[in-house]
Every structure is written in structure tokens, then in C-alpha cells.
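Undergrad: Questions regarding the structure given below will be posed in turn.
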Amino acid sequence: MKCVESVAELRSWRRAAGRVVFVPTMGALHAGHAALVREARRCAGTEARVVASIFVNPLQFGPNEDFDRYPRTLEADLELCAQAGADLVFAPPVREVYHADRSIQILEGSLSRVLCGASRPGHFDGVCTVVAKLFNLVQPDEAVFGKKDWQQLAIIRRLVRDLDFPVRIHGLDTVREGDGLAMSSRNRYLAPEERAQAPALHAALREARDCWLGGSASADTLLSVLRGHLARSAPLGQVDYAALVDKHTLQPQAVADRSGLLALAVYFGKARLIDNLELDTTAE
Ligand code: PAF
């Protein structure tokens, strides 16, 4: 596996490569990312190439967020990418991606108003801008994103549709620890007692989905089951939002149907954890 830092090296590698499957990341990689790279390898087969990027994108962090202390673990990340089957890692410094006097960026005006976007203004504009730039640089045929960041995945699909990127987007199921906690680079911020309570996010989502499967469709009922579970099992957590939305449009549902998605964000101290669950995984 090769690692390049400059746009010039990436471009020269890309000219000689055929079909490419791409996994953009911010590093601090864990088993969830390894699954994304393995999925990219599966999609690529033996003919195509797998590229992962490692870039902590300053544009998607708010002024009071964790850009400076976001974990940077390049050596271990490269090892993980190699093990999972990447052919190339693009790990540029900030100056290689953003000109000091840059003046153009992408604004998303609908899907980013809700859920995480409501409490992180500008975050998804930063994500769209960097993903568009990475797509232009890497020129992938396909790209793989995790469903844990469901809103991000929905927005990337919209970006590709609205700006005509010729990239097929794959969403991969969330990878979880044995106790149900969704894998996240931010889990390492949890104190032991917070880590012990954090699996309650997934358990609460499952209890609410069971309630829907049992015949309750009112959002009020499902969300009070969700919040009730969290209040009992995760008293150290502070709920940022608990929502029932349509999984494509991200608009709230008052009455859940098969396209419903339960989504949660919970603060444990400075760590903000997110998770979600589709009510019906067979519904398109
Ligand atoms: O999901 C992430 O790690 C980031 O938001 C992404 C897609 C790599 C853009 O910086």
C-alpha cells in the first residue's frame, strides 16, 4: 500500500489507475472504518483500486468543537488501511487541500437543518465542501460511507445527485462493540462510568423500534420510550435530540411508517455520541 500527501502525487497515481472505490475518513480509525475499507475492497474486486483518505477537515468543526484535540493516529491508521485492503492512502496536510484565500464553498439548504445540523451550524456545509473536493481529486467511481452518520450519508447522496458527481454511493451498516455501542473515534473521550452507560443509546433505539413492531406508531409514544430508557439507563447522558424522521427526507414523522428512522445524539461530558435505527431495514 502506498501513502501520498500531495495532490500532485495523487493525480499522477490516479492517471494510471482504472476504476477506483473510495473511503473518505478523518483518521483515528477503528474497526468501523476497517469494515468500510473491506467493503470498498469487496466492491473493487481484483481489478479496481481502493483509495482511503485521512484528513481532519477544519471546515466541518465549529469554533467550540474538538478540531485541535481530534485524535491523530496516522501510523496505526496506515496499518489498518493496509490490513483492510487499501491500495492507496491520501493523507494531505491542510495547506494541500485549502488555499489560504479560498472563497468558494458548498452550502446545503435543507437536509442539514435538522438532527445534528441543527446543533452544528455549518458542519454539513464543511462536509459537502471537503467531500466534493476529495471526489474531484480522487475521481472515484464508487464511494463507501457508514450508516452511523445517517444524516451525512443522506446529504452526500443529495450532493452527488444535485451536483452530478458520477460516483455510486454505498451505505454500510453500523459496526458495534459487543455491548451494542456504535464504534466511533469519539468513544475514546468517554470516562469509564460514561462508557458503561453509552450502550444505552442502542438499547433505547431497539426498545422504541420493538414498540413500533408491537403496533405503536405515534412519534410521541416512540420518543417517550426512547427518552425513558435513556433516563433510566444513562443518567450521565444529556440528550441533544431524539427524533423520528423519514430516512430519505429527514423530515419528522408524527406517525411512524416503514421509512421511519429513529435518531439520537447524546452528550457524555464533552463527547457527543450519535446513533440511529431504521424501523424497517427492508423498506426502500
Ligand atoms: O465521516 C467522516 O469521517 C467525515 O465527515 C468525512 C466524510 C471524511 C468528511 O470529512
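Every chain in the C-alpha cells has a letter given in the order shown (A, B, ...), and although residue numbers restart at 1 in each chain, ligands are simply numbered from 1 in the order shown.
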When the cut-off is 7 Å and you count only C-alpha atoms and all ligand atoms, which residues lie near ligand 1, shown as a PyMOL selection string?

TA: chain A and resi 24-26+55-57+127+130-131+149

Undergrad: Report as JSON lines: every residue of region 96-178 of chain A with an atom at most 12 Å from region 202-223 of chain A, its closest pair of atoms, and their distance in Å to one decimal, counting only C-alpha atoms, with rows sorted by chain and ascending residue number.

TA:
{"residue": "A:Lys148", "atom": "CA", "partner": "A:His202", "partner_atom": "CA", "distance": 11.2}
{"residue": "A:Thr174", "atom": "CA", "partner": "A:His202", "partner_atom": "CA", "distance": 10.9}
{"residue": "A:Val175", "atom": "CA", "partner": "A:His202", "partner_atom": "CA", "distance": 11.7}
{"residue": "A:Arg176", "atom": "CA", "partner": "A:His202", "partner_atom": "CA", "distance": 9.3}
{"residue": "A:Glu177", "atom": "CA", "partner": "A:His202", "partner_atom": "CA", "distance": 10.7}
{"residue": "A:Gly178", "atom": "CA", "partner": "A:His202", "partner_atom": "CA", "distance": 11.5}

Undergrad: Need the shell around Arg158 (chain A): protein/DNA/RNA residues with any atom at most 10 Å away, counting only C-alpha atoms. Skip same-chain ones fewer than 4 positions apart. Format as a short mmCIF file (atom, residue, chain, number, x, y, z; two decimals) with C-alpha atoms, in the first residue's frame?

TA:
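Output saved as part-v9.cif:
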data_model
loop_
_atom_site.label_atom_id
_atom_site.label_comp_id
_atom_site.auth_asym_id
_atom_site.auth_seq_id
_atom_site.Cartn_x
_atom_site.Cartn_y
_atom_site.Cartn_z
CA GLU A 108 -26.64 22.62 1.79
CA LEU A 111 -31.30 18.21 4.92
CA CYS A 128 -20.04 18.75 1.49
CA GLN A 152 -24.15 12.69 6.43
CA LEU A 153 -24.92 9.75 4.13
CA ALA A 154 -28.27 11.29 3.09
CA ASP A 162 -27.58 17.75 -7.22
CA LEU A 163 -24.02 18.36 -8.47
CA ASP A 164 -23.91 15.39 -10.87
CA HIS A 248 -34.74 9.81 2.95
CA THR A 249 -36.01 13.35 3.52
#

Undergrad: To one decimal place in Å, what is the distance between CA of Ala132 (chain A) and CA of Arg14 (chain A)?

TA: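 So the two atoms, CA of Ala132 (chain A) and CA of Arg14 (chain A), lie 16.6 Å apart.
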
Undergrad: Could you pull the residues within 12 Å of Gly237 (chain A), counting only C-alpha atoms, minus those fewer than 6 positions along the same chain, as a list in words?

TA: Leu190, Ala191, Glu193, Glu194, Arg195, Ala196, Gln197, Ala198, Pro199, Ala200, Leu201, Arg227, His229, Leu230, Ala231, Leu264, Ala265, Val266, Tyr267, Phe268, Gly269, Lys270, Ala271, Arg272, Leu273 and Ile274 of chain A

Undergrad: Would you mind exporting the chosen residues as a compact mmCIF listing (two decimals), in the first residue's frame, restricted to N, CA, C and O atoms?

TA:
# COMPACT_ATOMS: atom_id res chain seq x y z
N LEU A 190 -14.68 8.94 26.36
CA LEU A 190 -15.60 8.58 27.46
C LEU A 190 -14.85 8.15 28.71
O LEU A 190 -13.92 7.32 28.63
N ALA A 191 -15.27 8.67 29.86
CA ALA A 191 -14.75 8.19 31.15
C ALA A 191 -15.36 6.79 31.37
O ALA A 191 -16.41 6.49 30.80
N GLU A 193 -17.16 5.40 33.61
CA GLU A 193 -18.58 5.30 34.00
C GLU A 193 -19.51 5.75 32.87
O GLU A 193 -20.63 5.25 32.73
N GLU A 194 -19.00 6.66 32.01
CA GLU A 194 -19.79 7.06 30.83
C GLU A 194 -19.81 5.93 29.80
O GLU A 194 -20.85 5.62 29.21
N ARG A 195 -18.64 5.31 29.62
CA ARG A 195 -18.56 4.18 28.67
C ARG A 195 -19.54 3.07 29.07
O ARG A 195 -20.15 2.42 28.22
N ALA A 196 -19.67 2.88 30.40
CA ALA A 196 -20.57 1.82 30.89
C ALA A 196 -22.03 2.14 30.54
O ALA A 196 -22.84 1.23 30.34
N GLN A 197 -22.37 3.43 30.47
CA GLN A 197 -23.77 3.80 30.18
C GLN A 197 -24.04 3.99 28.69
O GLN A 197 -25.20 3.98 28.26
N ALA A 198 -22.98 4.18 27.90
CA ALA A 198 -23.17 4.54 26.49
C ALA A 198 -23.93 3.49 25.64
O ALA A 198 -24.65 3.88 24.71
N PRO A 199 -23.84 2.19 25.96
CA PRO A 199 -24.62 1.23 25.17
C PRO A 199 -26.13 1.46 25.27
O PRO A 199 -26.91 0.93 24.47
N ALA A 200 -26.55 2.28 26.22
CA ALA A 200 -27.99 2.58 26.37
C ALA A 200 -28.56 3.24 25.12
O ALA A 200 -29.76 3.15 24.86
N LEU A 201 -27.71 3.92 24.33
CA LEU A 201 -28.24 4.56 23.11
C LEU A 201 -28.87 3.50 22.20
O LEU A 201 -30.01 3.63 21.76
N ARG A 227 -36.66 8.17 25.28
CA ARG A 227 -36.15 9.06 26.34
C ARG A 227 -36.22 8.40 27.71
O ARG A 227 -35.33 8.57 28.55
N HIS A 229 -36.00 5.21 28.40
CA HIS A 229 -34.91 4.24 28.51
C HIS A 229 -33.60 4.95 28.86
O HIS A 229 -32.85 4.52 29.73
N LEU A 230 -33.35 6.07 28.17
CA LEU A 230 -32.09 6.80 28.41
C LEU A 230 -32.05 7.37 29.83
O LEU A 230 -31.01 7.34 30.49
N ALA A 231 -33.20 7.88 30.28
CA ALA A 231 -33.24 8.46 31.63
C ALA A 231 -32.91 7.39 32.67
O ALA A 231 -32.19 7.64 33.64
N LEU A 264 -30.65 9.63 17.39
CA LEU A 264 -30.32 10.15 18.72
C LEU A 264 -28.96 10.82 18.74
O LEU A 264 -28.04 10.37 18.05
N ALA A 265 -28.82 11.88 19.52
CA ALA A 265 -27.49 12.40 19.85
C ALA A 265 -27.48 12.67 21.35
O ALA A 265 -28.41 13.28 21.88
N VAL A 266 -26.45 12.19 22.01
CA VAL A 266 -26.39 12.30 23.47
C VAL A 266 -24.98 12.76 23.86
O VAL A 266 -23.99 12.21 23.38
N TYR A 267 -24.92 13.77 24.70
CA TYR A 267 -23.63 14.21 25.25
C TYR A 267 -23.30 13.40 26.50
O TYR A 267 -24.12 13.26 27.39
N PHE A 268 -22.06 12.89 26.55
CA PHE A 268 -21.49 12.39 27.81
C PHE A 268 -20.29 13.27 28.06
O PHE A 268 -19.25 13.11 27.38
N GLY A 269 -20.41 14.23 28.97
CA GLY A 269 -19.33 15.21 29.13
C GLY A 269 -19.15 15.92 27.80
O GLY A 269 -20.10 16.39 27.19
N LYS A 270 -17.87 15.92 27.30
CA LYS A 270 -17.60 16.62 26.04
C LYS A 270 -17.86 15.74 24.82
O LYS A 270 -17.88 16.22 23.69
N ALA A 271 -18.01 14.44 25.07
CA ALA A 271 -18.21 13.53 23.93
C ALA A 271 -19.67 13.55 23.50
O ALA A 271 -20.57 13.39 24.33
N ARG A 272 -19.87 13.75 22.20
CA ARG A 272 -21.24 13.76 21.68
C ARG A 272 -21.39 12.50 20.84
O ARG A 272 -20.73 12.35 19.81
N LEU A 273 -22.24 11.58 21.31
CA LEU A 273 -22.41 10.31 20.60
C LEU A 273 -23.70 10.34 19.80
O LEU A 273 -24.71 10.88 20.25
N ILE A 274 -23.65 9.74 18.59
CA ILE A 274 -24.88 9.65 17.80
C ILE A 274 -25.12 8.19 17.44
O ILE A 274 -24.20 7.37 17.42

Undergrad: Excluding same-chain residues fewer than 5 positions from Thr282 (chain A), what lies within 12 Å of it counting only C-alpha atoms, as a PyMOL selection string?

TA: chain A and resi 258-260

Undergrad: Calculated over only C-alpha atoms, which of the candidates A:Gln105, A:Asn276, A:Ser12, A:Gln251 has the smallest distance to Trp150 (chain A)?

TA: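 Distance minimum relative to Trp150 (chain A) lands on A:Asn276.
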
Undergrad: Excluding same-chain residues fewer than 5 positions from Ala35 (chain A), what lies within 10 Å of it counting only C-alpha atoms, as an mmCIF file with N, CA and C atoms, in the first residue's frame?

TA:
data_model
loop_
_atom_site.group_PDB
_atom_site.id
_atom_site.type_symbol
_atom_site.label_atom_id
_atom_site.label_comp_id
_atom_site.auth_asym_id
_atom_site.auth_seq_id
_atom_site.Cartn_x
_atom_site.Cartn_y
_atom_site.Cartn_z
ATOM 1 N N HIS A 30 -10.900 2.905 13.416
ATOM 2 C CA HIS A 30 -11.256 1.778 14.283
ATOM 3 C C HIS A 30 -11.899 0.698 13.427
ATOM 4 N N ALA A 40 -15.131 -1.566 0.540
ATOM 5 C CA ALA A 40 -14.601 -0.968 -0.692
ATOM 6 C C ALA A 40 -13.785 -2.017 -1.462
ATOM 7 N N ARG A 41 -13.001 -2.799 -0.723
ATOM 8 C CA ARG A 41 -12.207 -3.865 -1.373
ATOM 9 C C ARG A 41 -13.121 -4.871 -2.061
ATOM 10 N N ALA A 84 -6.832 -3.855 5.783
ATOM 11 C CA ALA A 84 -8.207 -3.964 5.283
ATOM 12 C C ALA A 84 -8.265 -3.981 3.758
ATOM 13 N N VAL A 144 -17.738 4.632 -0.281
ATOM 14 C CA VAL A 144 -18.418 3.926 0.808
ATOM 15 C C VAL A 144 -18.458 4.813 2.048
ATOM 16 N N GLY A 146 -20.460 5.207 6.147
ATOM 17 C CA GLY A 146 -21.138 4.433 7.190
ATOM 18 C C GLY A 146 -22.538 4.965 7.465
ATOM 19 N N LEU A 172 -22.916 1.581 4.478
ATOM 20 C CA LEU A 172 -22.592 0.323 5.178
ATOM 21 C C LEU A 172 -23.152 0.347 6.602
ATOM 22 N N ASP A 173 -23.717 -0.801 7.029
ATOM 23 C CA ASP A 173 -24.306 -0.891 8.369
ATOM 24 C C ASP A 173 -23.303 -0.504 9.462
ATOM 25 N N THR A 174 -23.845 0.049 10.527
ATOM 26 C CA THR A 174 -23.016 0.469 11.668
ATOM 27 C C THR A 174 -22.328 -0.741 12.303
ATOM 28 N N VAL A 175 -21.057 -0.563 12.602
ATOM 29 C CA VAL A 175 -20.317 -1.620 13.309
ATOM 30 C C VAL A 175 -20.361 -1.294 14.802
#

Undergrad: When DSSP is applied to the backbone of this structure, which of region 63-237 of chain A are assigned alpha helix (DSSP H)? Write them out as JSON, numbers by chain.

TA: {"A": [74, 75, 76, 77, 78, 79, 80, 81, 82, 83, 84, 94, 95, 96, 97, 115, 116, 117, 118, 119, 123, 124, 125, 126, 127, 128, 129, 130, 131, 132, 133, 134, 135, 136, 137, 138, 150, 151, 152, 153, 154, 155, 156, 157, 158, 159, 160, 161, 162, 192, 193, 194, 195, 196, 197, 200, 201, 202, 203, 204, 205, 206, 207, 208, 209, 210, 211, 212, 213, 219, 220, 221, 222, 223, 224, 225, 226, 227, 228, 229, 230, 231, 232, 233]}

Undergrad: Can you list, as a list in words, every residue of region 214-251 of chain A that DSSP puts in strand (DSSP E or B)?

TA: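 Reading the DSSP output for region 214-251 of chain A, strand (DSSP E or B) covers Ser218, Gln238, Val239, Asp240, Tyr241, Ala242, Ala243, Leu244, Val245 and Asp246 of chain A.
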
Undergrad: Counting only C-alpha atoms, what is within 10 Å of Ala28 (chain A), bar same-chain residues fewer than 3 positions away, as a CSV table (one decimal) with N, CA, C and O atoms, in the first residue's frame?

TA:
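Output (result-v5.csv):
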chain,number,residue,atom,x,y,z
A,25,THR,N,-12.1,9.4,5.1
A,25,THR,CA,-12.1,9.3,6.6
A,25,THR,C,-11.4,10.6,7.2
A,25,THR,O,-10.7,11.3,6.5
A,33,HIS,N,-14.2,1.7,10.6
A,33,HIS,CA,-13.5,2.1,9.3
A,33,HIS,C,-12.9,0.9,8.6
A,33,HIS,O,-13.0,0.9,7.3
A,54,ILE,N,-7.3,10.3,4.6
A,54,ILE,CA,-7.2,10.6,6.0
A,54,ILE,C,-7.0,12.1,6.1
A,54,ILE,O,-5.9,12.6,5.8
A,56,VAL,N,-8.3,15.5,8.6
A,56,VAL,CA,-9.2,16.1,9.6
A,56,VAL,C,-9.6,17.5,9.0
A,56,VAL,O,-8.7,18.4,9.0
A,70,TYR,N,-8.9,16.6,18.1
A,70,TYR,CA,-9.4,15.4,17.4
A,70,TYR,C,-8.2,14.4,17.3
A,70,TYR,O,-7.1,14.8,16.9
A,71,PRO,N,-8.4,13.1,17.7
A,71,PRO,CA,-7.2,12.2,17.7
A,71,PRO,C,-6.5,12.1,16.3
A,71,PRO,O,-7.2,11.9,15.3
A,72,ARG,N,-5.2,12.2,16.3
A,72,ARG,CA,-4.4,11.9,15.1
A,72,ARG,C,-3.5,10.7,15.3
A,72,ARG,O,-2.6,10.8,16.1
A,73,THR,N,-3.7,9.7,14.6
A,73,THR,CA,-3.0,8.4,14.8
A,73,THR,C,-2.6,7.8,13.5
A,73,THR,O,-2.9,6.7,13.2
A,74,LEU,N,-1.8,8.6,12.7
A,74,LEU,CA,-1.5,8.2,11.3
A,74,LEU,C,-0.9,6.9,11.1
A,74,LEU,O,-1.3,6.1,10.3
A,75,GLU,N,0.1,6.6,12.0
A,75,GLU,CA,0.8,5.3,11.8
A,75,GLU,C,-0.1,4.1,11.9
A,75,GLU,O,-0.2,3.2,11.1
A,76,ALA,N,-0.9,4.1,13.0
A,76,ALA,CA,-1.9,3.0,13.2
A,76,ALA,C,-2.9,3.0,12.1
A,76,ALA,O,-3.4,1.9,11.7
A,77,ASP,N,-3.3,4.2,11.6
A,77,ASP,CA,-4.3,4.3,10.6
A,77,ASP,C,-3.8,3.6,9.3
A,77,ASP,O,-4.6,2.9,8.6
A,184,SER,N,-17.0,4.6,17.3
A,184,SER,CA,-16.8,6.0,16.9
A,184,SER,C,-15.4,6.4,17.4
A,184,SER,O,-15.0,6.0,18.5
A,185,SER,N,-14.8,7.3,16.7
A,185,SER,CA,-13.5,7.8,17.1
A,185,SER,C,-13.6,8.6,18.4
A,185,SER,O,-12.7,8.8,19.2
A,186,ARG,N,-14.8,9.1,18.7
A,186,ARG,CA,-15.1,9.9,19.9
A,186,ARG,C,-15.3,9.0,21.1
A,186,ARG,O,-15.4,9.6,22.2
A,188,ARG,N,-13.3,7.2,22.5
A,188,ARG,CA,-12.2,7.3,23.4
A,188,ARG,C,-12.2,8.4,24.4
A,188,ARG,O,-11.4,8.5,25.3

Undergrad: Just to confirm, what's the straight-line distance from CA of Glu284 (chain A) to CA of Gly126 (chain A) in Å (one decimal)?

TA: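 Value for the CA of Glu284 (chain A)-CA of Gly126 (chain A) distance: 28.2 Å.
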
Undergrad: Counting only C-alpha atoms, figure out which residue out of A:Arg232, A:Arg102, A:Arg168, A:Arg113 gets nearest to Thr129 (chain A).

TA: A:Arg102

Undergrad: Suppose you want the space between CA of Phe165 (chain A) and CA of Glu142 (chain A); what is it in Å?

TA: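 So the answer is 10.2 Å.
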
Undergrad: Looking at only C-alpha atoms, which of A:Leu115, A:Ser53, A:Ala82, A:Val97 is the one that sits closest to Pro252 (chain A)?

TA: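 So, comparing all the options, the nearest one is A:Leu115.
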
Undergrad: Compare A:Gln60, A:Asn187, A:Thr46, A:Ser112 by their minimum atom-to-atom distance to Val20 (chain A), counting only C-alpha atoms, and give me the closest one.

TA: A:Thr46

Undergrad: Name the closest residue to Ala143 (chain A) among the candidates A:Ala44, A:Gln238, A:Leu250, A:Ala31; distances are taken between atoms, counting only C-alpha atoms.

TA: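 Smallest separation from Ala143 (chain A) among the options: A:Ala44.
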
Undergrad: Counting only C-alpha atoms, which residue out of A:Leu262, A:Cys81, A:Ala34, A:Leu59 sits closest to Lys2 (chain A)?

TA: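 That would be A:Cys81, the residue with the smallest distance to Lys2 (chain A).
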